[in-house]
file upload_28.cif (mmCIF, C-alpha atoms)
data_upload
loop_
_atom_site.group_PDB
_atom_site.id
_atom_site.type_symbol
_atom_site.label_atom_id
_atom_site.label_comp_id
_atom_site.auth_asym_id
_atom_site.auth_seq_id
_atom_site.Cartn_x
_atom_site.Cartn_y
_atom_site.Cartn_z
ATOM 1 C CA TRP A 1 110.528 115.720 137.783
ATOM 2 C CA ASP A 2 107.093 116.735 139.043
ATOM 3 C CA ALA A 3 106.108 119.653 136.818
ATOM 4 C CA ASN A 4 104.009 121.272 139.564
ATOM 5 C CA SER A 5 106.209 120.911 142.625
ATOM 6 C CA GLY A 6 109.646 120.594 141.037
ATOM 7 C CA ASN A 7 110.319 117.475 143.099
ATOM 8 C CA ARG A 8 112.348 114.657 141.589
ATOM 9 C CA ILE A 9 110.291 111.515 140.956
ATOM 10 C CA SER A 10 112.800 109.070 139.517
ATOM 11 C CA VAL A 11 116.303 108.725 138.103
ATOM 12 C CA MET A 12 117.040 106.838 134.895
ATOM 13 C CA SER A 13 120.764 106.126 135.124
ATOM 14 C CA GLY A 14 123.211 104.185 132.989
ATOM 15 C CA GLN A 15 122.513 105.845 129.648
ATOM 16 C CA ASN A 16 124.230 108.805 128.003
ATOM 17 C CA CYS A 17 120.964 110.414 126.925
ATOM 18 C CA ILE A 18 120.854 113.029 124.181
ATOM 19 C CA ALA A 19 117.157 112.804 123.238
ATOM 20 C CA GLY A 20 113.906 111.469 124.627
ATOM 21 C CA ARG A 21 110.177 111.308 123.988
ATOM 22 C CA TRP A 22 107.230 110.673 126.283
ATOM 23 C CA SER A 23 104.681 107.934 125.674
ATOM 24 C CA PRO A 24 101.120 109.177 125.021
ATOM 25 C CA ASP A 25 99.984 107.967 128.471
ATOM 26 C CA GLY A 26 102.824 109.807 130.233
ATOM 27 C CA HIS A 27 104.102 106.746 132.123
ATOM 28 C CA ARG A 28 107.045 105.807 129.889
ATOM 29 C CA VAL A 29 109.840 107.601 128.105
ATOM 30 C CA VAL A 30 112.143 106.458 125.299
ATOM 31 C CA LEU A 31 115.740 107.630 125.643
ATOM 32 C CA VAL A 32 118.375 107.727 122.912
ATOM 33 C CA ASP A 33 122.086 107.236 123.508
ATOM 34 C CA TYR A 34 124.367 108.669 120.828
ATOM 35 C CA PHE A 35 127.953 108.584 122.009
ATOM 36 C CA SER A 36 130.760 108.219 119.464
ATOM 37 C CA TYR A 37 128.199 107.036 116.875
ATOM 38 C CA GLN A 38 126.980 104.137 118.983
ATOM 39 C CA GLY A 39 124.669 103.387 121.870
ATOM 40 C CA PRO A 40 121.342 101.921 122.956
ATOM 41 C CA VAL A 41 117.723 103.011 122.682
ATOM 42 C CA ARG A 42 115.646 102.030 125.718
ATOM 43 C CA ILE A 43 112.153 102.551 127.080
ATOM 44 C CA TRP A 44 111.968 103.451 130.767
ATOM 45 C CA ASP A 45 109.242 103.424 133.386
ATOM 46 C CA ALA A 46 108.963 107.117 134.280
ATOM 47 C CA ASP A 47 107.617 106.406 137.783
ATOM 48 C CA THR A 48 110.238 103.906 138.907
ATOM 49 C CA GLY A 49 113.221 104.839 136.703
ATOM 50 C CA ARG A 50 113.539 101.215 135.580
ATOM 51 C CA ALA A 51 114.476 100.225 132.019
ATOM 52 C CA ILE A 52 111.698 97.974 130.731
ATOM 53 C CA VAL A 53 112.341 97.528 126.969
ATOM 54 C CA THR A 54 115.515 97.697 124.875
ATOM 55 C CA LEU A 55 114.995 98.580 121.226
ATOM 56 C CA LEU A 56 118.677 98.755 120.265
ATOM 57 C CA PRO A 57 121.469 97.255 122.403
ATOM 58 C CA ASP A 58 124.469 98.884 124.077
ATOM 59 C CA ASP A 59 126.785 97.734 121.308
ATOM 60 C CA TYR A 60 124.656 99.129 118.471
ATOM 61 C CA ALA A 61 127.485 100.524 116.375
ATOM 62 C CA HIS A 62 125.807 103.286 114.397
ATOM 63 C CA GLY A 63 123.930 105.426 116.883
ATOM 64 C CA THR A 64 120.412 106.797 116.712
ATOM 65 C CA ILE A 65 119.902 110.449 115.822
ATOM 66 C CA ALA A 66 116.130 110.950 115.953
ATOM 67 C CA VAL A 67 113.202 109.254 117.697
ATOM 68 C CA ALA A 68 109.448 109.856 117.885
ATOM 69 C CA TRP A 69 106.626 108.128 119.782
ATOM 70 C CA SER A 70 103.260 107.798 118.040
ATOM 71 C CA ARG A 71 100.555 109.897 119.700
ATOM 72 C CA THR A 72 97.836 107.305 119.146
ATOM 73 C CA GLU A 73 99.470 103.881 119.423
ATOM 74 C CA SER A 74 102.411 102.145 121.039
ATOM 75 C CA ARG A 75 104.711 102.597 118.079
ATOM 76 C CA ILE A 76 108.103 104.300 117.946
ATOM 77 C CA VAL A 77 110.150 105.292 114.926
ATOM 78 C CA THR A 78 113.937 105.727 115.097
ATOM 79 C CA PHE A 79 116.393 107.087 112.549
ATOM 80 C CA GLY A 80 120.003 105.913 112.733
ATOM 81 C CA ALA A 81 123.372 107.157 111.606
ATOM 82 C CA ASP A 82 123.463 104.069 109.376
ATOM 83 C CA ARG A 83 120.704 105.810 107.341
ATOM 84 C CA ILE A 84 118.111 103.236 108.310
ATOM 85 C CA GLY A 85 114.698 104.088 109.740
ATOM 86 C CA ARG A 86 113.101 101.520 112.028
ATOM 87 C CA LEU A 87 109.534 101.097 113.260
ATOM 88 C CA TRP A 88 109.032 99.453 116.677
ATOM 89 C CA ASP A 89 106.311 98.035 118.887
ATOM 90 C CA ALA A 90 106.833 100.005 122.097
ATOM 91 C CA ASP A 91 105.209 97.348 124.290
ATOM 92 C CA THR A 92 107.244 94.353 123.141
ATOM 93 C CA GLY A 93 110.338 95.951 121.601
ATOM 94 C CA LYS A 94 109.717 94.032 118.386
ATOM 95 C CA GLN A 95 110.941 95.672 115.187
ATOM 96 C CA LEU A 96 107.964 96.066 112.855
ATOM 97 C CA GLY A 97 109.870 97.237 109.786
ATOM 98 C CA ALA A 98 112.931 98.996 108.416
ATOM 99 C CA PHE A 99 113.576 101.290 105.465
ATOM 100 C CA GLU A 100 116.431 103.264 103.973
ATOM 101 C CA ILE A 101 116.612 107.025 104.384
ATOM 102 C CA PRO A 102 118.596 109.316 102.048
ATOM 103 C CA GLY A 103 120.947 111.033 104.485
ATOM 104 C CA LEU A 104 121.269 111.732 108.201
ATOM 105 C CA SER A 105 118.330 112.881 110.319
ATOM 106 C CA SER A 106 117.857 115.802 112.680
ATOM 107 C CA GLY A 107 114.420 115.298 114.233
ATOM 108 C CA ALA A 108 111.214 113.281 113.886
ATOM 109 C CA ASP A 109 107.493 113.608 114.631
ATOM 110 C CA TRP A 110 104.236 111.656 114.111
ATOM 111 C CA SER A 111 101.020 112.925 112.598
ATOM 112 C CA PRO A 112 98.226 113.251 115.194
ATOM 113 C CA ASN A 113 96.284 110.311 113.707
ATOM 114 C CA GLY A 114 99.345 108.038 113.783
ATOM 115 C CA GLU A 115 99.201 107.255 110.072
ATOM 116 C CA ARG A 116 102.390 109.086 109.026
ATOM 117 C CA PHE A 117 105.673 110.282 110.456
ATOM 118 C CA LEU A 118 108.250 112.811 109.313
ATOM 119 C CA VAL A 119 111.974 113.306 109.669
ATOM 120 C CA GLY A 120 114.046 116.418 109.148
ATOM 121 C CA GLN A 121 117.233 116.133 107.124
ATOM 122 C CA TRP A 122 119.775 118.392 105.470
ATOM 123 C CA SER A 123 117.757 120.720 103.182
ATOM 124 C CA TYR A 124 114.639 118.512 103.159
ATOM 125 C CA LEU A 125 111.858 117.177 105.334
ATOM 126 C CA ARG A 126 110.458 113.786 104.336
ATOM 127 C CA VAL A 127 107.165 112.080 105.212
ATOM 128 C CA TRP A 128 106.522 108.326 105.348
ATOM 129 C CA ASP A 129 103.380 106.225 105.506
ATOM 130 C CA ALA A 130 103.457 104.271 108.784
ATOM 131 C CA GLU A 131 101.797 101.169 107.343
ATOM 132 C CA THR A 132 103.613 100.741 104.040
ATOM 133 C CA LEU A 133 106.843 102.534 105.097
ATOM 134 C CA ALA A 134 106.757 104.250 101.701
ATOM 135 C CA GLN A 135 107.912 107.834 101.349
ATOM 136 C CA VAL A 136 104.882 109.953 100.448
ATOM 137 C CA ALA A 137 106.100 113.568 100.494
ATOM 138 C CA VAL A 138 109.227 115.732 100.396
ATOM 139 C CA TYR A 139 109.318 119.351 101.563
ATOM 140 C CA PRO A 140 112.267 121.628 100.661
ATOM 141 C CA ALA A 141 113.696 123.655 103.540
ATOM 142 C CA GLY A 142 116.898 125.120 104.968
ATOM 143 C CA ASP A 143 119.796 123.132 106.397
ATOM 144 C CA LYS A 144 119.605 121.036 109.608
ATOM 145 C CA VAL A 145 115.847 120.734 109.326
ATOM 146 C CA PHE A 146 113.423 120.104 112.196
ATOM 147 C CA GLY A 147 109.700 119.653 111.712
ATOM 148 C CA CYS A 148 106.478 119.028 113.610
ATOM 149 C CA TRP A 149 102.818 118.449 112.838
ATOM 150 C CA SER A 150 100.092 120.870 113.902
ATOM 151 C CA PRO A 151 97.667 119.455 116.527
ATOM 152 C CA ASN A 152 94.874 119.165 113.925
ATOM 153 C CA GLY A 153 97.151 117.403 111.431
ATOM 154 C CA LYS A 154 96.481 119.951 108.681
ATOM 155 C CA ALA A 155 99.912 121.610 108.578
ATOM 156 C CA ILE A 156 103.608 120.925 109.083
ATOM 157 C CA ALA A 157 105.965 123.531 110.562
ATOM 158 C CA ILE A 158 109.570 123.330 109.373
ATOM 159 C CA GLY A 159 112.548 125.160 110.861
ATOM 160 C CA GLY A 160 116.264 124.929 110.227
ATOM 161 C CA GLY A 161 119.687 126.466 110.332
ATOM 162 C CA ASP A 162 118.713 129.258 107.942
ATOM 163 C CA TYR A 163 116.692 130.911 110.780
ATOM 164 C CA ASN A 164 113.402 130.650 108.901
ATOM 165 C CA LEU A 165 110.182 128.917 109.892
ATOM 166 C CA ARG A 166 107.970 127.574 107.120
ATOM 167 C CA VAL A 167 104.443 126.198 107.394
ATOM 168 C CA TYR A 168 103.115 123.870 104.678
ATOM 169 C CA PRO A 169 99.735 122.187 104.205
ATOM 170 C CA ALA A 170 99.803 118.488 105.076
ATOM 171 C CA TRP A 171 97.505 116.455 102.849
ATOM 172 C CA GLU A 172 96.291 113.055 104.014
ATOM 173 C CA SER A 173 95.353 111.895 100.525
ATOM 174 C CA VAL A 174 95.829 112.647 96.842
ATOM 175 C CA GLU A 175 92.165 113.664 96.718
ATOM 176 C CA GLU A 176 92.793 116.395 99.317
ATOM 177 C CA LEU A 177 95.720 117.677 97.259
ATOM 178 C CA ILE A 178 93.595 117.771 94.100
ATOM 179 C CA ASP A 179 90.819 119.638 95.907
ATOM 180 C CA TYR A 180 93.355 122.144 97.230
ATOM 181 C CA ALA A 181 94.788 122.651 93.746
ATOM 182 C CA LYS A 182 91.305 123.239 92.300
ATOM 183 C CA GLU A 183 90.566 125.783 95.011
ATOM 184 C CA HIS A 184 93.819 127.749 94.789
ATOM 185 C CA CYS A 185 95.125 127.351 91.249
ATOM 186 C CA VAL A 186 94.111 129.277 88.159
ATOM 187 C CA LEU A 187 92.505 126.899 85.668
ATOM 188 C CA ARG A 188 92.151 127.483 81.925
ATOM 189 C CA GLU A 189 91.439 125.500 78.812
ATOM 190 C CA LEU A 190 94.387 124.353 76.732
ATOM 191 C CA THR A 191 94.938 126.137 73.454
ATOM 192 C CA PRO A 192 94.704 124.128 70.187
ATOM 193 C CA GLU A 193 98.498 124.312 69.896
ATOM 194 C CA GLU A 194 98.935 122.891 73.418
ATOM 195 C CA ARG A 195 96.518 120.058 72.660
ATOM 196 C CA VAL A 196 98.578 119.120 69.616
ATOM 197 C CA ARG A 197 101.783 119.309 71.667
ATOM 198 C CA TYR A 198 100.431 116.988 74.370
ATOM 199 C CA GLY A 199 98.727 114.612 71.934
ATOM 200 C CA LEU A 200 95.179 115.420 73.099
ATOM 201 C CA ALA A 201 92.079 115.298 70.974
ATOM 202 C CA GLU A 202 90.069 118.390 70.245
ATOM 203 C CA PRO A 203 87.333 119.044 72.849
#
call {"tool": "encode", "arguments": {"input": "upload_28.cif", "output": "structure tokens"}}
result
Amino acid sequence: WDANSGNRISVMSGQNCIAGRWSPDGHRVVLVDYFSYQGPVRIWDADTGRAIVTLLPDDYAHGTIAVAWSRTESRIVTFGADRIGRLWDADTGKQLGAFEIPGLSSGADWSPNGERFLVGQWSYLRVWDAETLAQVAVYPAGDKVFGCWSPNGKAIAIGGGDYNLRVYPAWESVEELIDYAKEHCVLRELTPEERVRYGLAEP
């Protein structure tokens, strides 16, 4: 639809869509089919309504629950009911990597700089590094978790079925976390007894 006039621009038919995300340039959209735990994931031309790339085929047996398009590059991440996350090249449809996820997913989002992505799950929100596909952070939250990054990349908002919204700092490096801890935590010298307990030498 045209957001200003309300006129219909194109029709993307032939897919039982339950979720979709726009490309950063606004000319493509990725649509997710999740019918009876199976269905395709396709990228469509938003102007013509034509399917141009298939990431997962019609007979994909597990279904895809969450999808997110990187805000800076042509990369898409999907999370399936088979508890596998997959990273894709949105231009070619080539799978760039896959990784296991502990549980089903409820929503995904990319960091503004495109270096990390998150997925909401039951009671937790998890963050992965987009290059190594290693899990780098876990945030506790309510059930059926959804999350999104702030536009400046400094915070993550997390909501869920417990009707609460939580906002956490999002650190890009261990050094940032250490600096935050130094700024906000109370520091003190260890007592002689604590030094003995932890096997540390006297100062």
call {"tool": "closest_residue", "arguments": {"input": "upload_28.cif", "among": "A:Asp143, A:Asp82, A:Asp47, A:Glu73", "to": "A:Ser111", "atoms": "only C-alpha atoms"}}
result
A:Glu73
call {"tool": "atom_distance", "arguments": {"input": "upload_28.cif", "atom1": "atom CA of A:Gly159", "atom2": "atom CA of A:Leu104"}}
result
16.2 Å
call {"tool": "residues_around", "arguments": {"input": "upload_28.cif", "residues": "A:Asp33", "least_positions_apart": "5", "cutoff": "12 Å", "atoms": "all atoms listed in the file", "output": "ChimeraX atom specification"}}
result
/A:13-20,38-43,54-67,78,80-81
call {"tool": "resolve_selection", "arguments": {"input": "upload_28.cif", "expression": "the PyMOL selection byres ((chain A and resi 68-70) around 9)", "output": "number ranges by chain"}}
result
A: 20-24, 29-30, 66-67, 71-78, 90, 107-115, 117
call {"tool": "resolve_selection", "arguments": {"input": "upload_28.cif", "expression": "the PyMOL selection byres ((chain A and resi 1) around 10)", "output": "ChimeraX atom specification"}}
result
/A:2-11,46-47
call {"tool": "atom_distance", "arguments": {"input": "upload_28.cif", "atom1": "atom CA of A:Leu31", "atom2": "atom CA of A:Met12"}}
result
9.4 Å
call {"tool": "atom_distance", "arguments": {"input": "upload_28.cif", "atom1": "atom CA of A:Phe99", "atom2": "atom CA of A:Val138"}}
result
15.9 Å
call {"tool": "resolve_selection", "arguments": {"input": "upload_28.cif", "expression": "the PyMOL selection byres ((chain A and resi 165) around 10)", "output": "number ranges by chain"}}
result
A: 141-142, 145-147, 157-164, 166-167
call {"tool": "residues_around", "arguments": {"input": "upload_28.cif", "residues": "A:Trp44", "least_positions_apart": "3", "cutoff": "7 Å", "atoms": "all atoms listed in the file", "output": "compact mmCIF listing (two decimals) with C-alpha atoms, keeping the file's coordinate frame"}}
result
# COMPACT_ATOMS: atom_id res chain seq x y z
CA ARG A 28 107.04 105.81 129.89
CA VAL A 29 109.84 107.60 128.10
CA VAL A 30 112.14 106.46 125.30
CA GLY A 49 113.22 104.84 136.70
CA ARG A 50 113.54 101.22 135.58
CA ALA A 51 114.48 100.22 132.02
CA ILE A 52 111.70 97.97 130.73
call {"tool": "residues_around", "arguments": {"input": "upload_28.cif", "residues": "A:Leu200", "least_positions_apart": "5", "cutoff": "12 Å", "atoms": "only C-alpha atoms", "output": "PyMOL selection string"}}
result
chain A and resi 190-195
call {"tool": "write_last_selection", "arguments": {"input": "upload_28.cif", "atoms": "C-alpha atoms", "output": "PDB file, keeping the file's coordinate frame"}}
result
ATOM      1  CA  LEU A 190      94.387 124.353  76.732  1.00  0.00           C
ATOM      2  CA  THR A 191      94.938 126.137  73.454  1.00  0.00           C
ATOM      3  CA  PRO A 192      94.704 124.128  70.187  1.00  0.00           C
ATOM      4  CA  GLU A 193      98.498 124.312  69.896  1.00  0.00           C
ATOM      5  CA  GLU A 194      98.935 122.891  73.418  1.00  0.00           C
ATOM      6  CA  ARG A 195      96.518 120.058  72.660  1.00  0.00           C
TER       7      ARG A 195
END
call {"tool": "closest_residue", "arguments": {"input": "upload_28.cif", "among": "A:Ala98, A:Trp149, A:Glu189, A:Gly26", "to": "A:Thr132", "atoms": "all atoms listed in the file"}}
result
A:Ala98
call {"tool": "axis_aligned_box", "arguments": {"input": "upload_28.cif", "around": "stretch 102-116 of chain A", "padding_each_side": "6 Å", "output": "JSON"}}
result
{"center_x": 108.8, "center_y": 111.5, "center_z": 108.6, "size_x": 37.0, "size_y": 20.5, "size_z": 25.1}
call {"tool": "build_atoms", "arguments": {"input": "upload_28.cif", "residues": "stretch 138-150 of chain A", "atoms": "N, CA and C atoms", "output": "mmCIF file, keeping the file's coordinate frame"}}
result
data_model
loop_
_atom_site.group_PDB
_atom_site.id
_atom_site.type_symbol
_atom_site.label_atom_id
_atom_site.label_comp_id
_atom_site.auth_asym_id
_atom_site.auth_seq_id
_atom_site.Cartn_x
_atom_site.Cartn_y
_atom_site.Cartn_z
ATOM 1 N N VAL A 138 107.948 115.087 100.133
ATOM 2 C CA VAL A 138 109.227 115.732 100.396
ATOM 3 C C VAL A 138 109.009 117.242 100.393
ATOM 4 N N TYR A 139 109.446 117.909 101.461
ATOM 5 C CA TYR A 139 109.318 119.351 101.563
ATOM 6 C C TYR A 139 110.712 119.978 101.539
ATOM 7 N N PRO A 140 110.971 120.934 100.645
ATOM 8 C CA PRO A 140 112.267 121.628 100.661
ATOM 9 C C PRO A 140 112.345 122.598 101.825
ATOM 10 N N ALA A 141 113.531 122.750 102.401
ATOM 11 C CA ALA A 141 113.696 123.655 103.540
ATOM 12 C C ALA A 141 115.171 124.024 103.664
ATOM 13 N N GLY A 142 115.511 124.744 104.737
ATOM 14 C CA GLY A 142 116.898 125.120 104.968
ATOM 15 C C GLY A 142 117.700 123.955 105.511
ATOM 16 N N ASP A 143 118.950 124.212 105.908
ATOM 17 C CA ASP A 143 119.796 123.132 106.397
ATOM 18 C C ASP A 143 119.450 122.778 107.845
ATOM 19 N N LYS A 144 119.847 121.557 108.261
ATOM 20 C CA LYS A 144 119.605 121.036 109.608
ATOM 21 C C LYS A 144 118.132 121.180 109.992
ATOM 22 N N VAL A 145 117.288 120.506 109.258
ATOM 23 C CA VAL A 145 115.847 120.734 109.326
ATOM 24 C C VAL A 145 115.209 120.005 110.512
ATOM 25 N N PHE A 146 114.290 120.692 111.192
ATOM 26 C CA PHE A 146 113.423 120.104 112.196
ATOM 27 C C PHE A 146 111.985 120.381 111.794
ATOM 28 N N GLY A 147 111.091 119.446 112.086
ATOM 29 C CA GLY A 147 109.700 119.653 111.712
ATOM 30 C C GLY A 147 108.748 119.065 112.726
ATOM 31 N N CYS A 148 107.511 119.577 112.734
ATOM 32 C CA CYS A 148 106.478 119.028 113.610
ATOM 33 C C CYS A 148 105.108 119.265 112.997
ATOM 34 N N TRP A 149 104.186 118.361 113.316
ATOM 35 C CA TRP A 149 102.818 118.449 112.838
ATOM 36 C C TRP A 149 102.007 119.388 113.720
ATOM 37 N N SER A 150 101.041 120.085 113.119
ATOM 38 C CA SER A 150 100.092 120.870 113.902
ATOM 39 C C SER A 150 99.158 119.916 114.640
#
